[in-house]
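**Q** Sharing a structure below in structure tokens format, with a few things to ask.
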Amino acid sequence: MLARMLCLASGIFGRPAWDGAKCSEHAGYIMEASERHRVDPVLMVSHNIVECDMRERDNPVYGVVLGRRTIVGYDACPMGVRIIGVGRRAGFGVRDLYEAAARKLERWERWCGRKHRGHGHHFVSHYNEGNPDYADQVLGVRAVLLRRSVRKYSLVPRIEEIVGRLSKVFVFGWW
């Protein structure tokens, strides 16, 4: 079922959808990491959609080094895992990125459960603390993947568009 979800979701971005083998491979990595770290696999897919639009193209992270703006690392896709150190990126494969993301999500879920009950924010918000609406974005996408209502989430225009596209694909009980 997860492989089918990945194939359908990968096709909404105006480029060819992933083939069945790639969907199965990624679904296996997600399930492996999500089971090991007790993280919802659909939450991981939602996070990947928000962070990377289901691509495997990294986004550079810039910093100032010796007075010049330069690339200091990457938000590595899938999953948008922040890797500081340009040379370190080569050490992370697709499986490693899913594993790193699941480990982070597990840690934040545990920390939020102990540290700030009732604070009104979902633990996924710690993945991108600079964005106050991040949890709503990820949880809104997750809701569509699970065919639930997204009305309670505050979505930015880009995610509204993604949610609309996903709704068209996932509306007919695909599983």
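Here's how to read the names in the structure tokens: chain A, B, ... by the order shown, residue numbers from 1 in each chain, ligand numbers from 1 in the order shown.
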Which residues are near A:Ala9? Cut-off 10 Å, only C-alpha atoms, ignore same chain within fewer than 4 positions. Put them as a PDB file with C-alpha atoms, in the first residue's frame.

**A**
ATOM      1  CA  ALA A   3       4.471   1.812  -2.517  1.00  0.00           C
ATOM      2  CA  ARG A   4       1.206   2.643  -4.302  1.00  0.00           C
ATOM      3  CA  MET A   5       0.898   5.842  -2.245  1.00  0.00           C
ATOM      4  CA  PHE A  13       4.414  17.479  -9.608  1.00  0.00           C
ATOM      5  CA  ALA A  17       5.683   9.434 -11.683  1.00  0.00           C
ATOM      6  CA  TRP A  18       8.127   7.015 -10.128  1.00  0.00           C
ATOM      7  CA  VAL A  45       5.834  10.436   3.208  1.00  0.00           C
ATOM      8  CA  SER A  46       4.060  13.701   4.071  1.00  0.00           C
ATOM      9  CA  ILE A  49       6.369  15.779   0.013  1.00  0.00           C
ATOM     10  CA  ASP A  53       8.373  17.456  -3.556  1.00  0.00           C
ATOM     11  CA  MET A  54       9.200  13.732  -3.873  1.00  0.00           C
ATOM     12  CA  LEU A 145      -2.968  10.951   2.068  1.00  0.00           C
ATOM     13  CA  ILE A 162      -0.116  20.284  -3.373  1.00  0.00           C
ATOM     14  CA  ARG A 165      -3.444  17.930  -6.472  1.00  0.00           C
ATOM     15  CA  LEU A 166      -3.196  15.097  -3.950  1.00  0.00           C
ATOM     16  CA  VAL A 169      -5.477  11.583  -6.898  1.00  0.00           C
ATOM     17  CA  PHE A 170      -6.400  10.150  -3.484  1.00  0.00           C
TER      18      PHE A 170
END

**Q** Write out as a list in words which residues come within 7 Å of A:Pro78 when counting only C-alpha atoms, dropping same-chain ones fewer than 6 positions away.

**A**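 The residues satisfying every condition are Asn48, Cys52, Met54, Arg55, Glu56, Val94 and Leu97 of chain A.
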
**Q** When you look at A:Arg95 with a cut-off of 7 Å (counting only C-alpha atoms), what residues show up, excluding the ones that are within fewer than 3 positions of it in the same chain? I need them as a VMD selection string.

**A** chain A and resid 29 98 to 99

**Q** Please identify the alpha helix (DSSP H) residues within chain A (assignment by DSSP from backbone atoms) and present them as a PyMOL selection string.

**A** chain A and resi 2-10+20-37+41-52+94-115+134-145+157-170

**Q** Please provide as a ChimeraX atom specification all residues within 7 Å of A:Ile83, with the sequence filter that same-chain residues fewer than 5 positions apart are discarded (counting only C-alpha atoms).

**A** /A:73-76,89

**Q** Could you write out that same residue set with N, CA and C atoms as a CSV table (one decimal), in the first residue's frame?

**A**
chain,number,residue,atom,x,y,z
A,73,GLY,N,26.5,23.2,3.1
A,73,GLY,CA,25.9,21.9,3.2
A,73,GLY,C,24.7,21.8,2.4
A,74,TYR,N,23.9,20.8,2.7
A,74,TYR,CA,22.7,20.5,1.9
A,74,TYR,C,21.5,20.1,2.7
A,75,ASP,N,20.3,20.4,2.3
A,75,ASP,CA,19.1,19.8,2.8
A,75,ASP,C,18.9,18.7,1.8
A,76,ALA,N,19.3,17.5,2.2
A,76,ALA,CA,19.4,16.3,1.3
A,76,ALA,C,18.1,15.7,1.1
A,89,ARG,N,28.0,14.9,2.3
A,89,ARG,CA,26.8,14.5,1.6
A,89,ARG,C,27.0,13.2,0.9

**Q** Grab the atom CA of A:Asp19 to atom CA of A:Cys7 distance for me, in Å with one decimal place.

**A**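 Atom-to-atom, atom CA of A:Asp19 and atom CA of A:Cys7 are spaced 6.9 Å apart.
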
**Q** Which of stretch 17-135 of chain A counts as strand (DSSP E or B) under DSSP, as a VMD selection string please?

**A** chain A and resid 59 to 65 68 to 76 81 to 84

**Q** Counting only C-alpha atoms, give me one row per residue of stretch 81-166 of chain A with an atom at most 9 Å from an atom of stretch 35-42 of chain A, showing the shortest contact pair and its distance in Å to one decimal, sorted by chain then residue number, as CSV.

**A**
residue,atom,partner,partner_atom,distance
A:Glu99,CA,A:His37,CA,8.5
A:Ala102,CA,A:His37,CA,6.1
A:Arg103,CA,A:His37,CA,6.0
A:Leu105,CA,A:Val39,CA,7.0
A:Glu106,CA,A:His37,CA,5.8
A:Arg107,CA,A:His37,CA,8.8
A:Glu109,CA,A:Val39,CA,8.8
A:Arg142,CA,A:Val42,CA,6.4
A:Leu145,CA,A:Val42,CA,7.5
A:Leu146,CA,A:Val42,CA,8.0

**Q** Which one is closest to A:Ile30: A:Ile84, A:Asn59, A:Val124, A:Ala100? Count only C-alpha atoms.

**A** A:Ala100

**Q** Name the closest residue to A:Leu2 among the candidates A:Lys22, A:Asp136, A:Gly14, A:Ala27; distances are taken between atoms, counting only C-alpha atoms.

**A**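 Of A:Lys22, A:Asp136, A:Gly14, A:Ala27, the one nearest A:Leu2, counting only C-alpha atoms, is A:Ala27.
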
**Q** Using Å and a single decimal, report how far atom CA of A:Ile159 sits from atom CA of A:Gln137.

**A**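 Straight-line distance from atom CA of A:Gln137 to atom CA of A:Ile159 works out to 6.4 Å.
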
**Q** What is the distance between atom CA of A:Gly11 and atom CA of A:Val163, in Å to one decimal?

**A**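 Straight-line distance from atom CA of A:Gly11 to atom CA of A:Val163 works out to 13.1 Å.
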
**Q** Out of A:Val156, A:Gly80, A:Gly63, A:Leu43, which residue has the shortest atom-to-atom distance to A:His122 when counting only C-alpha atoms?

**A**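 Counting only C-alpha atoms, the residue closest to A:His122 is A:Leu43.
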